[in-house]
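Shown here: run_25.cif, mmCIF, C-alpha atoms.
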```cif
data_final
#
loop_
_atom_site.group_PDB
_atom_site.id
_atom_site.type_symbol
_atom_site.label_atom_id
_atom_site.label_comp_id
_atom_site.auth_asym_id
_atom_site.auth_seq_id
_atom_site.Cartn_x
_atom_site.Cartn_y
_atom_site.Cartn_z
ATOM 1 C CA MET A 228 0.000 0.000 0.000
ATOM 2 C CA LYS A 229 2.682 2.503 1.035
ATOM 3 C CA LYS A 230 4.704 1.865 -2.131
ATOM 4 C CA ASN A 231 1.717 2.482 -4.400
ATOM 5 C CA LEU A 232 0.856 5.706 -2.602
ATOM 6 C CA ILE A 233 4.442 6.918 -2.856
ATOM 7 C CA PHE A 234 4.376 6.246 -6.584
ATOM 8 C CA PHE A 235 1.187 8.303 -6.870
ATOM 9 C CA ILE A 236 2.838 11.222 -5.071
ATOM 10 C CA LEU A 237 5.900 11.003 -7.281
ATOM 11 C CA ALA A 238 3.686 10.929 -10.366
ATOM 12 C CA ILE A 239 2.250 14.268 -9.275
ATOM 13 C CA LEU A 240 5.725 15.705 -8.805
ATOM 14 C CA THR A 241 6.843 14.385 -12.178
ATOM 15 C CA LEU A 242 3.891 16.122 -13.808
ATOM 16 C CA ALA A 243 5.076 19.328 -12.194
ATOM 17 C CA CYS A 244 8.499 18.979 -13.795
ATOM 18 C CA GLU A 245 6.998 18.133 -17.178
ATOM 19 C CA ASN A 246 4.775 21.195 -17.046
ATOM 20 C CA ASP A 247 7.786 23.399 -16.376
ATOM 21 C CA LYS A 248 9.507 21.947 -19.445
ATOM 22 C CA LYS A 249 6.404 22.616 -21.542
ATOM 23 C CA LYS A 250 6.548 26.245 -20.457
ATOM 24 C CA GLY A 251 10.058 26.503 -21.831
ATOM 25 C CA VAL A 252 11.974 26.686 -18.569
ATOM 26 C CA GLU A 253 15.609 26.452 -19.586
ATOM 27 C CA ILE A 254 17.761 23.885 -17.820
ATOM 28 C CA LYS A 255 21.520 23.879 -18.029
ATOM 29 C CA GLU A 256 22.625 20.853 -20.028
ATOM 30 C CA GLU A 257 25.357 19.960 -17.551
ATOM 31 C CA ALA A 258 22.857 19.932 -14.676
ATOM 32 C CA GLU A 259 20.537 17.653 -16.629
ATOM 33 C CA GLN A 260 23.377 15.249 -17.394
ATOM 34 C CA VAL A 261 24.429 15.077 -13.747
ATOM 35 C CA ASN A 262 20.807 14.540 -12.704
ATOM 36 C CA ASN A 263 20.517 11.661 -15.180
ATOM 37 C CA GLU A 264 23.661 10.105 -13.706
ATOM 38 C CA GLY A 265 22.003 10.382 -10.313
ATOM 39 C CA LEU A 266 18.907 8.616 -11.619
ATOM 40 C CA ILE A 267 21.043 5.680 -12.731
ATOM 41 C CA LYS A 268 22.597 5.463 -9.268
ATOM 42 C CA MET A 269 19.192 5.748 -7.604
ATOM 43 C CA GLN A 270 17.687 2.996 -9.733
ATOM 44 C CA ALA A 271 20.619 0.785 -8.756
ATOM 45 C CA GLY A 272 19.923 1.468 -5.086
ATOM 46 C CA ASN A 273 23.056 3.574 -4.564
ATOM 47 C CA TYR A 274 21.203 6.307 -2.717
ATOM 48 C CA ASP A 275 24.176 8.110 -1.181
ATOM 49 C CA GLU A 276 25.895 8.478 -4.540
ATOM 50 C CA ALA A 277 22.615 9.498 -6.139
ATOM 51 C CA LEU A 278 22.023 12.204 -3.537
ATOM 52 C CA ASN A 279 25.505 13.593 -4.119
ATOM 53 C CA LEU A 280 24.810 13.820 -7.847
ATOM 54 C CA PHE A 281 21.392 15.414 -7.351
ATOM 55 C CA ASN A 282 22.957 18.003 -5.049
ATOM 56 C CA LYS A 283 25.636 18.647 -7.654
ATOM 57 C CA ALA A 284 22.971 19.174 -10.325
ATOM 58 C CA ILE A 285 21.238 21.689 -8.060
ATOM 59 C CA ASP A 286 24.540 23.498 -7.493
ATOM 60 C CA ILE A 287 24.998 23.775 -11.258
ATOM 61 C CA ASP A 288 21.461 25.062 -11.856
ATOM 62 C CA SER A 289 19.656 26.243 -8.741
ATOM 63 C CA ASN A 290 16.373 26.609 -10.668
ATOM 64 C CA TYR A 291 16.311 22.963 -11.726
ATOM 65 C CA GLU A 292 13.403 21.196 -9.998
ATOM 66 C CA GLU A 293 13.858 17.578 -10.998
ATOM 67 C CA PRO A 294 16.821 16.795 -8.702
ATOM 68 C CA HIS A 295 14.667 17.894 -5.766
ATOM 69 C CA VAL A 296 11.903 15.547 -6.930
ATOM 70 C CA ASN A 297 14.390 12.690 -7.105
ATOM 71 C CA LYS A 298 15.639 13.489 -3.622
ATOM 72 C CA VAL A 299 12.047 13.344 -2.372
ATOM 73 C CA GLU A 300 11.752 9.821 -3.790
ATOM 74 C CA ILE A 301 14.857 8.695 -1.922
ATOM 75 C CA PHE A 302 13.758 10.309 1.324
ATOM 76 C CA LEU A 303 10.279 8.776 1.090
ATOM 77 C CA ASN A 304 11.681 5.333 0.409
ATOM 78 C CA ASN A 305 13.993 5.748 3.412
ATOM 79 C CA SER A 306 11.147 7.096 5.590
ATOM 80 C CA GLU A 307 13.113 10.342 6.043
ATOM 81 C CA TYR A 308 10.010 12.487 5.986
ATOM 82 C CA ASP A 309 11.444 15.665 7.482
ATOM 83 C CA LYS A 310 14.003 15.776 4.687
ATOM 84 C CA ALA A 311 11.299 15.113 2.095
ATOM 85 C CA ILE A 312 9.243 17.993 3.482
ATOM 86 C CA LYS A 313 12.211 20.364 3.207
ATOM 87 C CA GLU A 314 12.680 19.402 -0.438
ATOM 88 C CA ILE A 315 9.012 19.984 -1.210
ATOM 89 C CA ASP A 316 9.221 23.400 0.458
ATOM 90 C CA LEU A 317 12.143 24.205 -1.835
ATOM 91 C CA ILE A 318 10.178 23.046 -4.867
ATOM 92 C CA THR A 319 7.218 25.318 -4.069
ATOM 93 C CA THR A 320 9.622 28.215 -3.551
ATOM 94 C CA LYS A 321 11.410 27.629 -6.846
ATOM 95 C CA ALA A 322 8.268 26.956 -8.881
ATOM 96 C CA PRO A 323 5.294 28.606 -7.140
ATOM 97 C CA GLU A 324 3.219 28.652 -10.337
ATOM 98 C CA VAL A 325 3.216 24.859 -10.670
ATOM 99 C CA ALA A 326 -0.068 23.580 -9.253
ATOM 100 C CA GLU A 327 1.106 20.046 -8.502
ATOM 101 C CA ASN A 328 3.743 21.345 -6.109
ATOM 102 C CA TRP A 329 1.059 22.863 -3.888
ATOM 103 C CA VAL A 330 -0.900 19.608 -3.840
ATOM 104 C CA LEU A 331 2.165 17.821 -2.514
ATOM 105 C CA ALA A 332 2.937 20.531 0.005
ATOM 106 C CA GLY A 333 -0.637 20.314 1.260
ATOM 107 C CA ILE A 334 -0.510 16.538 1.659
ATOM 108 C CA PHE A 335 2.588 16.803 3.818
ATOM 109 C CA GLU A 336 1.135 19.624 5.913
ATOM 110 C CA GLU A 337 -2.012 17.596 6.512
ATOM 111 C CA LYS A 338 0.032 14.591 7.557
ATOM 112 C CA LYS A 339 1.837 16.859 10.019
ATOM 113 C CA GLY A 340 -1.547 17.860 11.448
ATOM 114 C CA ASN A 341 -1.604 21.359 9.928
ATOM 115 C CA GLN A 342 -4.990 21.079 8.240
ATOM 116 C CA GLU A 343 -5.579 24.821 7.885
ATOM 117 C CA LYS A 344 -2.278 25.318 6.089
ATOM 118 C CA ALA A 345 -2.876 22.175 4.038
ATOM 119 C CA PHE A 346 -6.250 23.474 2.875
ATOM 120 C CA GLU A 347 -4.641 26.785 1.899
ATOM 121 C CA HIS A 348 -2.188 24.859 -0.271
ATOM 122 C CA TYR A 349 -4.974 22.821 -1.892
ATOM 123 C CA ARG A 350 -6.874 26.021 -2.721
ATOM 124 C CA THR A 351 -3.716 27.524 -4.168
ATOM 125 C CA SER A 352 -3.261 24.440 -6.341
ATOM 126 C CA ILE A 353 -6.785 24.820 -7.721
ATOM 127 C CA GLU A 354 -6.083 28.457 -8.596
ATOM 128 C CA LYS A 355 -2.913 27.391 -10.417
ATOM 129 C CA PHE A 356 -4.674 24.585 -12.306
ATOM 130 C CA GLU A 357 -7.441 26.966 -13.397
ATOM 131 C CA LYS A 358 -4.882 29.579 -14.397
ATOM 132 C CA ARG A 359 -3.069 26.966 -16.496
ATOM 133 C CA ILE A 360 -6.259 25.992 -18.317
ATOM 134 C CA GLU A 361 -7.085 29.635 -19.055
ATOM 135 C CA ALA A 362 -3.550 30.387 -20.247
ATOM 136 C CA GLU A 363 -3.628 27.417 -22.602
ATOM 137 C CA LYS A 364 -6.942 28.578 -24.030
ATOM 138 C CA LYS A 365 -5.644 32.105 -24.639
ATOM 139 C CA THR A 366 -2.514 30.903 -26.402
ATOM 140 C CA ASN A 367 -4.369 28.203 -28.341
ATOM 141 C CA ALA A 368 -1.828 25.773 -26.907
ATOM 142 C CA GLU A 369 -4.383 23.627 -25.137
ATOM 143 C CA THR A 370 -4.618 19.952 -25.975
ATOM 144 C CA GLU A 371 -7.314 17.579 -24.810
ATOM 145 C CA SER A 372 -4.870 15.548 -22.704
ATOM 146 C CA GLU A 373 -3.424 18.622 -20.981
ATOM 147 C CA ASN A 374 -6.915 19.888 -20.187
ATOM 148 C CA PHE A 375 -7.883 16.489 -18.771
ATOM 149 C CA ASP A 376 -4.743 16.363 -16.601
ATOM 150 C CA SER A 377 -5.464 19.806 -15.161
ATOM 151 C CA LEU A 378 -9.077 18.859 -14.450
ATOM 152 C CA VAL A 379 -7.874 15.700 -12.687
ATOM 153 C CA GLY A 380 -5.643 17.887 -10.539
ATOM 154 C CA ILE A 381 -8.585 20.117 -9.638
ATOM 155 C CA VAL A 382 -10.757 17.120 -8.722
ATOM 156 C CA PHE A 383 -8.005 15.637 -6.564
ATOM 157 C CA SER A 384 -7.511 18.950 -4.760
ATOM 158 C CA TYR A 385 -11.239 19.262 -4.091
ATOM 159 C CA ILE A 386 -11.256 15.705 -2.721
ATOM 160 C CA LEU A 387 -8.471 16.684 -0.348
ATOM 161 C CA LEU A 388 -10.473 19.799 0.572
ATOM 162 C CA GLU A 389 -13.480 17.523 1.233
ATOM 163 C CA ASP A 390 -15.628 19.711 -1.028
ATOM 164 C CA PHE A 391 -17.642 16.944 -2.642
ATOM 165 C CA GLU A 392 -20.108 19.242 -4.374
ATOM 166 C CA GLN A 393 -17.231 20.589 -6.441
ATOM 167 C CA VAL A 394 -15.834 17.072 -6.867
ATOM 168 C CA ASP A 395 -19.104 15.936 -8.452
ATOM 169 C CA ALA A 396 -19.211 18.986 -10.712
ATOM 170 C CA TYR A 397 -15.680 18.466 -12.006
ATOM 171 C CA ILE A 398 -16.110 14.703 -12.363
ATOM 172 C CA THR A 399 -18.953 15.524 -14.752
ATOM 173 C CA LEU A 400 -16.588 17.748 -16.737
ATOM 174 C CA LEU A 401 -14.010 14.959 -16.829
ATOM 175 C CA GLU A 402 -16.563 12.496 -18.149
ATOM 176 C CA GLU A 403 -17.426 14.934 -20.938
ATOM 177 C CA GLU A 404 -13.810 15.178 -22.136
ATOM 178 C CA GLU A 405 -13.152 13.441 -25.459
ATOM 179 C CA ASP A 406 -10.023 11.749 -24.127
ATOM 180 C CA ALA A 407 -11.586 10.849 -20.763
ATOM 181 C CA ASP A 408 -9.533 8.251 -18.909
ATOM 182 C CA GLU A 409 -12.131 5.979 -17.336
ATOM 183 C CA GLN A 410 -9.557 4.304 -15.110
ATOM 184 C CA MET A 411 -8.470 7.645 -13.663
ATOM 185 C CA ILE A 412 -12.072 8.720 -13.143
ATOM 186 C CA SER A 413 -12.773 5.453 -11.302
ATOM 187 C CA PHE A 414 -9.693 6.023 -9.150
ATOM 188 C CA LEU A 415 -10.936 9.479 -8.184
ATOM 189 C CA LEU A 416 -14.448 8.217 -7.452
ATOM 190 C CA ASP A 417 -13.100 5.437 -5.215
ATOM 191 C CA PHE A 418 -10.446 7.566 -3.528
ATOM 192 C CA ASN A 419 -10.592 7.503 0.275
ATOM 193 C CA LYS A 420 -8.744 10.465 1.747
ATOM 194 C CA GLU A 421 -8.751 9.206 5.333
ATOM 195 C CA THR A 422 -7.191 5.882 4.386
ATOM 196 C CA TYR A 423 -4.739 7.665 2.123
ATOM 197 C CA ILE A 424 -3.503 10.054 4.811
ATOM 198 C CA GLU A 425 -3.316 7.294 7.427
ATOM 199 C CA ASN A 426 -1.353 4.894 5.263
ATOM 200 C CA ILE A 427 0.864 7.099 3.171
ATOM 201 C CA PHE A 428 3.540 7.546 5.862
ATOM 202 C CA PRO A 429 2.749 4.947 8.546
ATOM 203 C CA ASP A 430 5.798 5.655 10.699
ATOM 204 C CA PHE A 431 5.745 9.439 10.342
ATOM 205 C CA ASN A 432 5.436 11.344 13.627
#
```
Here is the file; what I need is its structure written in the form of structure tokens.
Amino acid sequence: MKKNLIFFILAILTLACENDKKKGVEIKEEAEQVNNEGLIKMQAGNYDEALNLFNKAIDIDSNYEEPHVNKVEIFLNNSEYDKAIKEIDLITTKAPEVAENWVLAGIFEEKKGNQEKAFEHYRTSIEKFEKRIEAEKKTNAETESENFDSLVGIVFSYILLEDFEQVDAYITLLEEEEDADEQMISFLLDFNKETYIENIFPDFN
């Protein structure tokens, strides 16, 4: 259970990085190469070496988000939650316009017992998702899949906010999308926040 939930969190963070790339955020080539070397080490289970490489990539390009995301994965797998939280705080500072970052920040705040702050982060994420959809419409850059992904983010944030009237309204919008992912919609409909929060970090105090 914990592993699957961690993967879901990391999928959200990965979307955040991909959205930055779509917006044309320039990344120094050397930093990207070092980060990729770190990924190889991480996949091989050499976490200390991977962390050193991710830190090096950040030193080369302080605006580069992905090494922070990779560090979060290591810290979550090692149950080093305080370190993971610090990385997520850095990510929201470096990329405050990326909606997914605020979702993650909110999840961690809620796990820490800071529900008011968590709810603020979820509301911020919804504002960012809506802003993204509007920006894509204005620039004619919107694609069906990007619109669906942003709507999924809004639904997930409203679930975390426990605003089920809005959840139902946005689920209807999702179902009307041409590229509607029925599996994702089913996941959202079956999602249990209480179980999720309780099980995501079982040994986190």
Checklist entry - What's the 10 Å shell around stretch 378-380 of chain A, counting all atoms listed in the file, without same-chain residues fewer than 2 positions away, as a VMD selection string? => result chain A and resid 239 326 to 327 330 349 352 to 353 355 to 357 360 372 to 376 382 to 386 394 397 to 398 400 to 401 404 408 411 to 412 415
What residues come out when you apply the PyMOL selection byres ((chain A and resi 334-339) around 9) to this file, written as a compact mmCIF listing (two decimals) with C-alpha atoms, keeping the file's coordinate frame?
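out_39.txt was written with the following content:
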```
# COMPACT_ATOMS: atom_id res chain seq x y z
CA TYR A 308 10.01 12.49 5.99
CA ILE A 312 9.24 17.99 3.48
CA ILE A 315 9.01 19.98 -1.21
CA TRP A 329 1.06 22.86 -3.89
CA VAL A 330 -0.90 19.61 -3.84
CA LEU A 331 2.16 17.82 -2.51
CA ALA A 332 2.94 20.53 0.00
CA GLY A 333 -0.64 20.31 1.26
CA GLY A 340 -1.55 17.86 11.45
CA ASN A 341 -1.60 21.36 9.93
CA GLN A 342 -4.99 21.08 8.24
CA GLU A 343 -5.58 24.82 7.88
CA LYS A 344 -2.28 25.32 6.09
CA ALA A 345 -2.88 22.18 4.04
CA PHE A 346 -6.25 23.47 2.88
CA HIS A 348 -2.19 24.86 -0.27
CA TYR A 349 -4.97 22.82 -1.89
CA LEU A 387 -8.47 16.68 -0.35
CA ILE A 424 -3.50 10.05 4.81
CA GLU A 425 -3.32 7.29 7.43
CA ILE A 427 0.86 7.10 3.17
CA PHE A 428 3.54 7.55 5.86
CA PHE A 431 5.74 9.44 10.34
CA ASN A 432 5.44 11.34 13.63
```
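Between atom CA of A:Ser289 and atom CA of A:Ala277 there is a distance of 17.2 Å.
Put simply, atom CA of A:Val296 is 17.7 Å away from atom CA of A:Glu257.
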Item to check | Polymer residues at most 10 Å from A:Leu280, only C-alpha atoms, same-chain spacing of 5 or more positions, as a PyMOL selection string | outcome: chain A and resi 258+260-266+268-269+274-275+285-286+294
Next on the checklist: Can you translate the PyMOL selection byres ((chain A and resi 301) around 10) into the concrete residues it hits in this file, as number ranges by chain?
Outcome noted: A: 269, 272, 274-275, 277-278, 295-300, 302-307, 310-311
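Atom CA of A:Glu292 is positioned 7.4 Å from atom CA of A:Lys321.
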